[in-house]
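Source file query-v2.pdb; content: PDB, C-alpha atoms.
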ATOM      1  CA  MET O   3      94.361  44.090  70.105
ATOM      2  CA  LYS O   4      96.182  45.042  66.931
ATOM      3  CA  PRO O   5      94.851  48.315  65.446
ATOM      4  CA  ALA O   6      93.100  47.994  62.091
ATOM      5  CA  ILE O   7      94.519  49.925  59.123
ATOM      6  CA  HIS O   8      92.650  50.588  55.897
ATOM      7  CA  VAL O   9      93.471  52.960  53.022
ATOM      8  CA  ALA O  10      92.106  53.357  49.497
ATOM      9  CA  LEU O  11      91.834  55.680  46.521
ATOM     10  CA  ARG O  12      88.365  55.502  44.993
ATOM     11  CA  ARG O  13      86.695  56.670  41.813
ATOM     12  CA  GLY O  14      83.214  56.156  43.227
ATOM     13  CA  ARG O  15      81.475  57.819  46.147
ATOM     14  CA  LEU O  16      82.926  57.432  49.623
ATOM     15  CA  SER O  17      80.913  55.990  52.498
ATOM     16  CA  ALA O  18      81.448  57.431  55.966
ATOM     17  CA  GLN O  19      79.582  54.533  57.544
ATOM     18  CA  ARG O  20      81.846  51.977  55.892
ATOM     19  CA  LEU O  21      84.931  53.637  57.382
ATOM     20  CA  ILE O  22      83.314  53.951  60.807
ATOM     21  CA  ASP O  23      82.540  50.239  60.742
ATOM     22  CA  LEU O  24      86.199  49.492  59.913
ATOM     23  CA  VAL O  25      87.557  51.259  63.004
ATOM     24  CA  LYS O  26      84.873  50.314  65.544
ATOM     25  CA  ALA O  27      85.794  47.612  68.045
ATOM     26  CA  PRO O  28      84.498  46.404  71.399
ATOM     27  CA  ALA O  29      87.542  47.966  73.110
ATOM     28  CA  HIS O  30      87.014  51.331  71.410
ATOM     29  CA  GLY O  31      84.962  53.928  73.227
ATOM     30  CA  ALA O  32      85.485  56.649  70.651
ATOM     31  CA  VAL O  33      85.448  57.206  66.912
ATOM     32  CA  SER O  34      86.607  60.504  65.434
ATOM     33  CA  MET O  35      86.058  61.387  61.812
ATOM     34  CA  PHE O  36      87.110  64.020  59.297
ATOM     35  CA  LEU O  37      85.006  64.395  56.173
ATOM     36  CA  GLY O  38      86.246  66.796  53.491
ATOM     37  CA  ASP O  39      83.666  67.986  50.953
ATOM     38  CA  VAL O  40      83.929  69.871  47.668
ATOM     39  CA  ARG O  41      82.661  73.384  48.403
ATOM     40  CA  ASP O  42      80.968  75.719  45.960
ATOM     41  CA  ASN O  43      83.354  78.643  46.263
ATOM     42  CA  CYS O  44      87.021  79.530  46.432
ATOM     43  CA  GLU O  45      88.510  82.994  46.799
ATOM     44  CA  GLY O  46      85.279  84.642  45.688
ATOM     45  CA  ARG O  47      84.724  82.401  42.659
ATOM     46  CA  LYS O  48      81.839  79.992  42.181
ATOM     47  CA  VAL O  49      83.059  76.408  41.906
ATOM     48  CA  LYS O  50      80.983  73.751  40.147
ATOM     49  CA  ALA O  51      83.343  70.745  40.407
ATOM     50  CA  VAL O  52      86.825  69.619  41.409
ATOM     51  CA  THR O  53      89.040  67.061  39.697
ATOM     52  CA  TYR O  54      91.530  65.159  41.858
ATOM     53  CA  ASP O  55      94.631  63.766  40.168
ATOM     54  CA  ALA O  56      96.953  61.309  41.942
ATOM     55  CA  PHE O  57     100.164  59.397  41.351
ATOM     56  CA  GLU O  58      98.403  56.331  42.643
ATOM     57  CA  PRO O  59     101.177  53.886  43.610
ATOM     58  CA  LEU O  60     102.964  56.474  45.714
ATOM     59  CA  ALA O  61      99.732  57.965  47.053
ATOM     60  CA  LEU O  62      98.603  54.555  48.312
ATOM     61  CA  LYS O  63     101.985  53.953  49.889
ATOM     62  CA  ALA O  64     101.901  57.365  51.591
ATOM     63  CA  LEU O  65      98.351  56.786  52.865
ATOM     64  CA  GLY O  66      99.414  53.440  54.310
ATOM     65  CA  GLU O  67     102.408  54.997  56.053
ATOM     66  CA  ILE O  68     100.305  57.852  57.438
ATOM     67  CA  ALA O  69      97.602  55.513  58.745
ATOM     68  CA  ALA O  70     100.181  53.193  60.307
ATOM     69  CA  GLU O  71     102.012  56.081  61.964
ATOM     70  CA  ALA O  72      98.756  57.526  63.350
ATOM     71  CA  ALA O  73      97.810  54.077  64.657
ATOM     72  CA  ARG O  74     101.200  53.574  66.281
ATOM     73  CA  ARG O  75     101.372  57.008  67.898
ATOM     74  CA  PHE O  76      97.853  57.100  69.280
ATOM     75  CA  GLY O  77      96.848  53.457  69.697
ATOM     76  CA  ALA O  78      94.021  53.866  67.207
ATOM     77  CA  SER O  79      92.540  51.967  64.311
ATOM     78  CA  VAL O  80      92.672  54.231  61.257
ATOM     79  CA  ALA O  81      90.789  54.138  57.948
ATOM     80  CA  ILE O  82      91.418  56.674  55.165
ATOM     81  CA  GLU O  83      89.863  56.953  51.708
ATOM     82  CA  HIS O  84      90.522  59.686  49.112
ATOM     83  CA  ARG O  85      88.599  60.249  45.892
ATOM     84  CA  VAL O  86      90.203  60.642  42.476
ATOM     85  CA  GLY O  87      88.514  61.928  39.335
ATOM     86  CA  ARG O  88      85.864  64.613  38.970
ATOM     87  CA  LEU O  89      83.631  65.426  41.945
ATOM     88  CA  ALA O  90      80.555  67.649  42.075
ATOM     89  CA  VAL O  91      79.976  70.218  44.813
ATOM     90  CA  GLY O  92      78.979  68.499  48.043
ATOM     91  CA  GLU O  93      80.679  65.187  47.313
ATOM     92  CA  ALA O  94      83.200  63.910  49.858
ATOM     93  CA  SER O  95      86.808  63.999  48.652
ATOM     94  CA  LEU O  96      88.432  62.629  51.802
ATOM     95  CA  ILE O  97      87.283  60.656  54.815
ATOM     96  CA  ILE O  98      89.450  59.765  57.798
ATOM     97  CA  ALA O  99      88.050  57.643  60.629
ATOM     98  CA  ALA O 100      89.962  56.793  63.789
ATOM     99  CA  GLY O 101      88.729  54.508  66.533
ATOM    100  CA  ALA O 102      90.459  54.324  69.914
ATOM    101  CA  PRO O 103      89.756  53.396  73.527
ATOM    102  CA  HIS O 104      89.296  57.077  74.474
ATOM    103  CA  ARG O 105      88.380  60.322  72.715
ATOM    104  CA  HIS O 106      91.812  61.919  72.901
ATOM    105  CA  GLY O 107      93.486  59.101  70.989
ATOM    106  CA  ALA O 108      90.780  59.057  68.338
ATOM    107  CA  ARG O 109      90.839  62.835  67.821
ATOM    108  CA  LYS O 110      94.613  63.082  67.753
ATOM    109  CA  ALA O 111      94.969  60.201  65.297
ATOM    110  CA  CYS O 112      92.422  61.793  62.988
ATOM    111  CA  GLY O 113      94.063  65.234  63.160
ATOM    112  CA  PHE O 114      97.558  63.841  62.666
ATOM    113  CA  ALA O 115      96.474  61.897  59.582
ATOM    114  CA  LEU O 116      94.799  64.951  58.066
ATOM    115  CA  GLU O 117      97.843  67.191  58.457
ATOM    116  CA  GLU O 118     100.153  64.518  57.041
ATOM    117  CA  ILE O 119      97.861  64.054  54.047
ATOM    118  CA  LYS O 120      97.968  67.797  53.352
ATOM    119  CA  ARG O 121     101.749  67.750  53.637
ATOM    120  CA  ARG O 122     102.797  64.696  51.686
ATOM    121  CA  LEU O 123     100.077  62.952  49.689
ATOM    122  CA  PRO O 124     100.842  63.121  45.936
ATOM    123  CA  VAL O 125      97.390  64.388  44.981
ATOM    124  CA  TRP O 126      96.424  67.541  43.048
ATOM    125  CA  LYS O 127      93.214  69.522  42.854
ATOM    126  CA  ARG O 128      91.824  71.258  39.761
ATOM    127  CA  GLU O 129      88.866  73.548  40.334
ATOM    128  CA  HIS O 130      86.246  74.022  37.629
ATOM    129  CA  TYR O 131      84.399  77.349  37.767
ATOM    130  CA  ASN O 132      80.941  78.384  36.667
ATOM    131  CA  GLY O 133      82.462  80.518  33.934
ATOM    132  CA  GLY O 134      83.834  77.398  32.245
ATOM    133  CA  ASP O 135      87.496  77.905  33.115
ATOM    134  CA  ALA O 136      89.564  75.776  35.498
ATOM    135  CA  ARG O 137      92.868  75.921  37.350
ATOM    136  CA  TRP O 138      95.177  73.713  39.401
ATOM    137  CA  LEU O 139      95.433  74.964  42.980
ATOM    138  CA  GLU O 140      98.782  75.916  44.471
ATOM    139  CA  GLY O 141     100.250  73.326  46.797
ATOM    140  CA  ARG O 142     103.164  72.349  49.008
ATOM    141  CA  PRO O 143     106.418  71.005  47.547
ATOM    142  CA  LEU O 144     107.095  67.369  48.458
ATOM    143  CA  LYS O 145     110.251  66.707  50.455
ATOM    144  CA  SER O 146     112.266  63.543  49.820
TER
ATOM    145  CA  MET Q   2     118.759  56.709  27.356
ATOM    146  CA  LYS Q   3     115.242  57.696  26.385
ATOM    147  CA  ARG Q   4     112.831  57.687  29.346
ATOM    148  CA  THR Q   5     109.116  58.220  29.619
ATOM    149  CA  VAL Q   6     108.205  60.516  32.502
ATOM    150  CA  GLU Q   7     104.620  60.783  33.759
ATOM    151  CA  LEU Q   8     103.174  64.234  34.396
ATOM    152  CA  TYR Q   9     100.762  65.179  37.178
ATOM    153  CA  GLY Q  10      98.799  68.185  38.392
ATOM    154  CA  ARG Q  11      99.654  71.499  36.721
ATOM    155  CA  LEU Q  12     102.111  69.774  34.378
ATOM    156  CA  LYS Q  13      99.126  68.293  32.552
ATOM    157  CA  ASP Q  14      98.263  71.792  31.336
ATOM    158  CA  ALA Q  15     100.795  71.088  28.606
ATOM    159  CA  GLY Q  16      98.072  68.818  27.173
ATOM    160  CA  ARG Q  17      99.716  65.483  27.822
ATOM    161  CA  ASP Q  18     100.046  62.877  30.574
ATOM    162  CA  PHE Q  19     103.669  61.962  29.876
ATOM    163  CA  ILE Q  20     106.745  63.135  28.009
ATOM    164  CA  LYS Q  21     109.821  61.394  26.652
ATOM    165  CA  VAL Q  22     113.226  62.839  27.530
ATOM    166  CA  GLU Q  23     116.806  61.848  26.788
ATOM    167  CA  LEU Q  24     118.852  61.272  29.956
ATOM    168  CA  ALA Q  25     122.552  60.537  30.197
ATOM    169  CA  PRO Q  26     123.485  57.336  32.078
ATOM    170  CA  GLY Q  27     123.717  58.187  35.779
ATOM    171  CA  ALA Q  28     121.670  61.369  35.384
ATOM    172  CA  THR Q  29     120.391  62.846  38.627
ATOM    173  CA  ALA Q  30     116.795  63.642  39.509
ATOM    174  CA  ALA Q  31     117.608  67.361  39.227
ATOM    175  CA  GLU Q  32     118.921  66.825  35.702
ATOM    176  CA  ALA Q  33     115.837  64.814  34.786
ATOM    177  CA  LEU Q  34     113.535  67.545  36.113
ATOM    178  CA  ARG Q  35     115.385  70.143  34.077
ATOM    179  CA  ALA Q  36     115.124  67.943  30.984
ATOM    180  CA  VAL Q  37     111.363  67.677  31.504
ATOM    181  CA  GLY Q  38     111.028  71.435  31.947
ATOM    182  CA  GLU Q  39     113.009  72.079  28.788
ATOM    183  CA  ALA Q  40     111.006  69.519  26.830
ATOM    184  CA  LEU Q  41     107.793  71.196  27.989
ATOM    185  CA  GLY Q  42     109.237  74.562  26.971
ATOM    186  CA  ASP Q  43     108.922  76.185  30.387
ATOM    187  CA  LEU Q  44     111.297  75.496  33.269
ATOM    188  CA  ARG Q  45     108.872  77.216  35.654
ATOM    189  CA  LEU Q  46     106.586  74.194  35.354
ATOM    190  CA  VAL Q  47     109.056  72.070  37.298
ATOM    191  CA  GLU Q  48     109.833  74.633  40.009
ATOM    192  CA  GLY Q  49     109.132  73.020  43.390
ATOM    193  CA  ALA Q  50     108.520  69.663  41.719
ATOM    194  CA  ALA Q  51     110.015  66.311  42.735
ATOM    195  CA  LEU Q  52     110.918  63.244  40.718
ATOM    196  CA  ALA Q  53     109.515  59.964  41.990
ATOM    197  CA  THR Q  54     109.402  56.266  41.276
ATOM    198  CA  GLU Q  55     106.429  54.089  42.188
ATOM    199  CA  THR Q  56     107.857  53.582  45.663
ATOM    200  CA  LYS Q  57     109.745  56.715  46.665
ATOM    201  CA  LEU Q  58     110.613  60.347  46.107
ATOM    202  CA  LEU Q  59     114.103  60.878  44.751
ATOM    203  CA  SER Q  60     116.343  63.536  46.237
ATOM    204  CA  ARG Q  61     117.634  66.006  43.667
ATOM    205  CA  ALA Q  62     121.096  64.433  43.855
ATOM    206  CA  ALA Q  63     119.877  60.836  43.515
ATOM    207  CA  ALA Q  64     120.607  58.913  40.343
ATOM    208  CA  VAL Q  65     117.585  58.154  38.192
ATOM    209  CA  PRO Q  66     116.902  54.379  38.247
ATOM    210  CA  SER Q  67     117.448  52.740  34.882
ATOM    211  CA  LYS Q  68     114.067  50.941  34.974
ATOM    212  CA  GLY Q  69     110.557  51.480  36.235
ATOM    213  CA  ARG Q  70     108.029  54.281  36.236
ATOM    214  CA  LEU Q  71     109.137  57.878  36.691
ATOM    215  CA  ALA Q  72     106.843  60.764  37.563
ATOM    216  CA  VAL Q  73     107.185  64.501  38.053
ATOM    217  CA  LEU Q  74     105.205  65.573  41.097
ATOM    218  CA  PRO Q  75     104.491  69.307  41.452
ATOM    219  CA  PRO Q  76     103.552  70.808  44.849
ATOM    220  CA  VAL Q  77     100.645  68.810  46.305
ATOM    221  CA  CYS Q  78      97.208  69.814  47.596
ATOM    222  CA  GLY Q  79      95.183  66.747  48.456
ATOM    223  CA  GLY Q  80      92.272  66.559  50.866
TER
END
Can I see the file as structure tokens?
Amino acid sequence: MKPAIHVALRRGRLSAQRLIDLVKAPAHGAVSMFLGDVRDNCEGRKVKAVTYDAFEPLALKALGEIAAEAARRFGASVAIEHRVGRLAVGEASLIIAAGAPHRHGARKACGFALEEIKRRLPVWKREHYNGGDARWLEGRPLKS
Amino acid sequence: MKRTVELYGRLKDAGRDFIKVELAPGATAAEALRAVGEALGDLRLVEGAALATETKLLSRAAAVPSKGRLAVLPPVCGG
């Protein structure tokens, strides 16, 4: 069975169930998921929202490459969606779902995809604080 | 040649989403990044940044393509 791959950038709310459904299959005994939420604090400051900015054509390409590589390495179906725009505290910014015949493949595919996203997805995060100010968070330089 | 370069992340603090810069024919990505930093009035803004097209990151020594979108991508923090 060919693993399923799905990636998207979305301006609306993400659905964990939709991604689970995309990676489930009769031959899959395991689904592993990562769900990243906007939290209400950072380095002692109260956060009220986060804005995600993306260079969308390259971000979609990178997500597709990451999902395909995770699928190839671990024999998993992989679905990834990342939000863009302004998110309130508690909203999901990133969901990764990986379905595989066994738990190890599903968990490893999910973890691999997450670390690759942190390393090379052209996305930026601006935190908005209760005091009314905001700042872009420090990140990792992209390597060509 | 005059090129429009899109700005992302912290580079948007300059209050704009893109900037126009003059690039010599055959200019490298490093030269384009410097031109963007100078046009923004602060070379520190492009420290650690990469130049990209819609399909790939350009190495600092790569020639800037004569057509297509260009973007300056500062250090990333998705997720």
Identify all chain Q residues at most 8 Å from chain O by counting all atoms listed in the file; ligands do not count. Present them as a compact mmCIF listing (two decimals) with C-alpha atoms, in the frame of the given file.
# COMPACT_ATOMS: atom_id res chain seq x y z
CA TYR Q 9 100.76 65.18 37.18
CA GLY Q 10 98.80 68.18 38.39
CA ARG Q 11 99.65 71.50 36.72
CA GLY Q 49 109.13 73.02 43.39
CA ALA Q 50 108.52 69.66 41.72
CA ALA Q 51 110.02 66.31 42.74
CA THR Q 54 109.40 56.27 41.28
CA GLU Q 55 106.43 54.09 42.19
CA THR Q 56 107.86 53.58 45.66
CA LYS Q 57 109.74 56.72 46.66
CA LEU Q 58 110.61 60.35 46.11
CA LEU Q 59 114.10 60.88 44.75
CA SER Q 60 116.34 63.54 46.24
CA ALA Q 72 106.84 60.76 37.56
CA LEU Q 74 105.20 65.57 41.10
CA PRO Q 75 104.49 69.31 41.45
CA PRO Q 76 103.55 70.81 44.85
CA VAL Q 77 100.64 68.81 46.30
CA CYS Q 78 97.21 69.81 47.60
CA GLY Q 79 95.18 66.75 48.46
CA GLY Q 80 92.27 66.56 50.87
Measure the distance from CA of Ala29 (chain O) to CA of His104 (chain O) in Å and round it to one decimal.
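About the pair CA of Ala29 (chain O) and CA of His104 (chain O): they are 9.4 Å apart.
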I'd like the neighbourhood of Ala73 (chain O) as a PyMOL selection string, where a residue qualifies if any of its atoms comes within 10 Å (using only C-alpha atoms), though same-chain residues fewer than 5 positions away should be ignored.
chain O and resi 4-7+67-68+78-81+100-102+107-108+111-112+114-115
For Val49 (chain O), please output as an MDAnalysis selection string all residues within 8 Å (counting all atoms listed in the file; exclusion window: fewer than 6 positions along the same chain).
chainID O and resid 41:43 91 129:132
Using all atoms listed in the file: which of O:Arg47, O:Arg20, O:His30, O:Arg12 has the shortest distance to Gly134 (chain O):
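Going through O:Arg47, O:Arg20, O:His30, O:Arg12 one by one, the smallest distance to Gly134 (chain O) is for O:Arg47.
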Enter the distance from CA of Glu32 (chain Q) to CA of Val6 (chain Q), in Å, rounded to one decimal.
12.8 Å
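With all atoms listed in the file taken into account, the protein and nucleic acid residues at most 12 Å from Ala62 (chain Q) (excluding it and anything under 5 positions from it in its own chain) are O:Ser146, Q:Gly27, Q:Ala28, Q:Thr29, Q:Ala30, Q:Ala31, Q:Glu32, Q:Ala33, Q:Leu34, Q:Ala51, Q:Leu52.
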Give as a PyMOL selection string every residue, naming chains and numbers as the document does, that has an atom within 8 Å of (112.4, 62.4, 27.9), counting all atoms listed in the file.
chain Q and resi 3-6+20-24+36-37+40
Between CA of Arg109 (chain O) and CA of Leu11 (chain O), distance in Å (one decimal)
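Atom-to-atom, CA of Arg109 (chain O) to CA of Leu11 (chain O), that is 22.5 Å.
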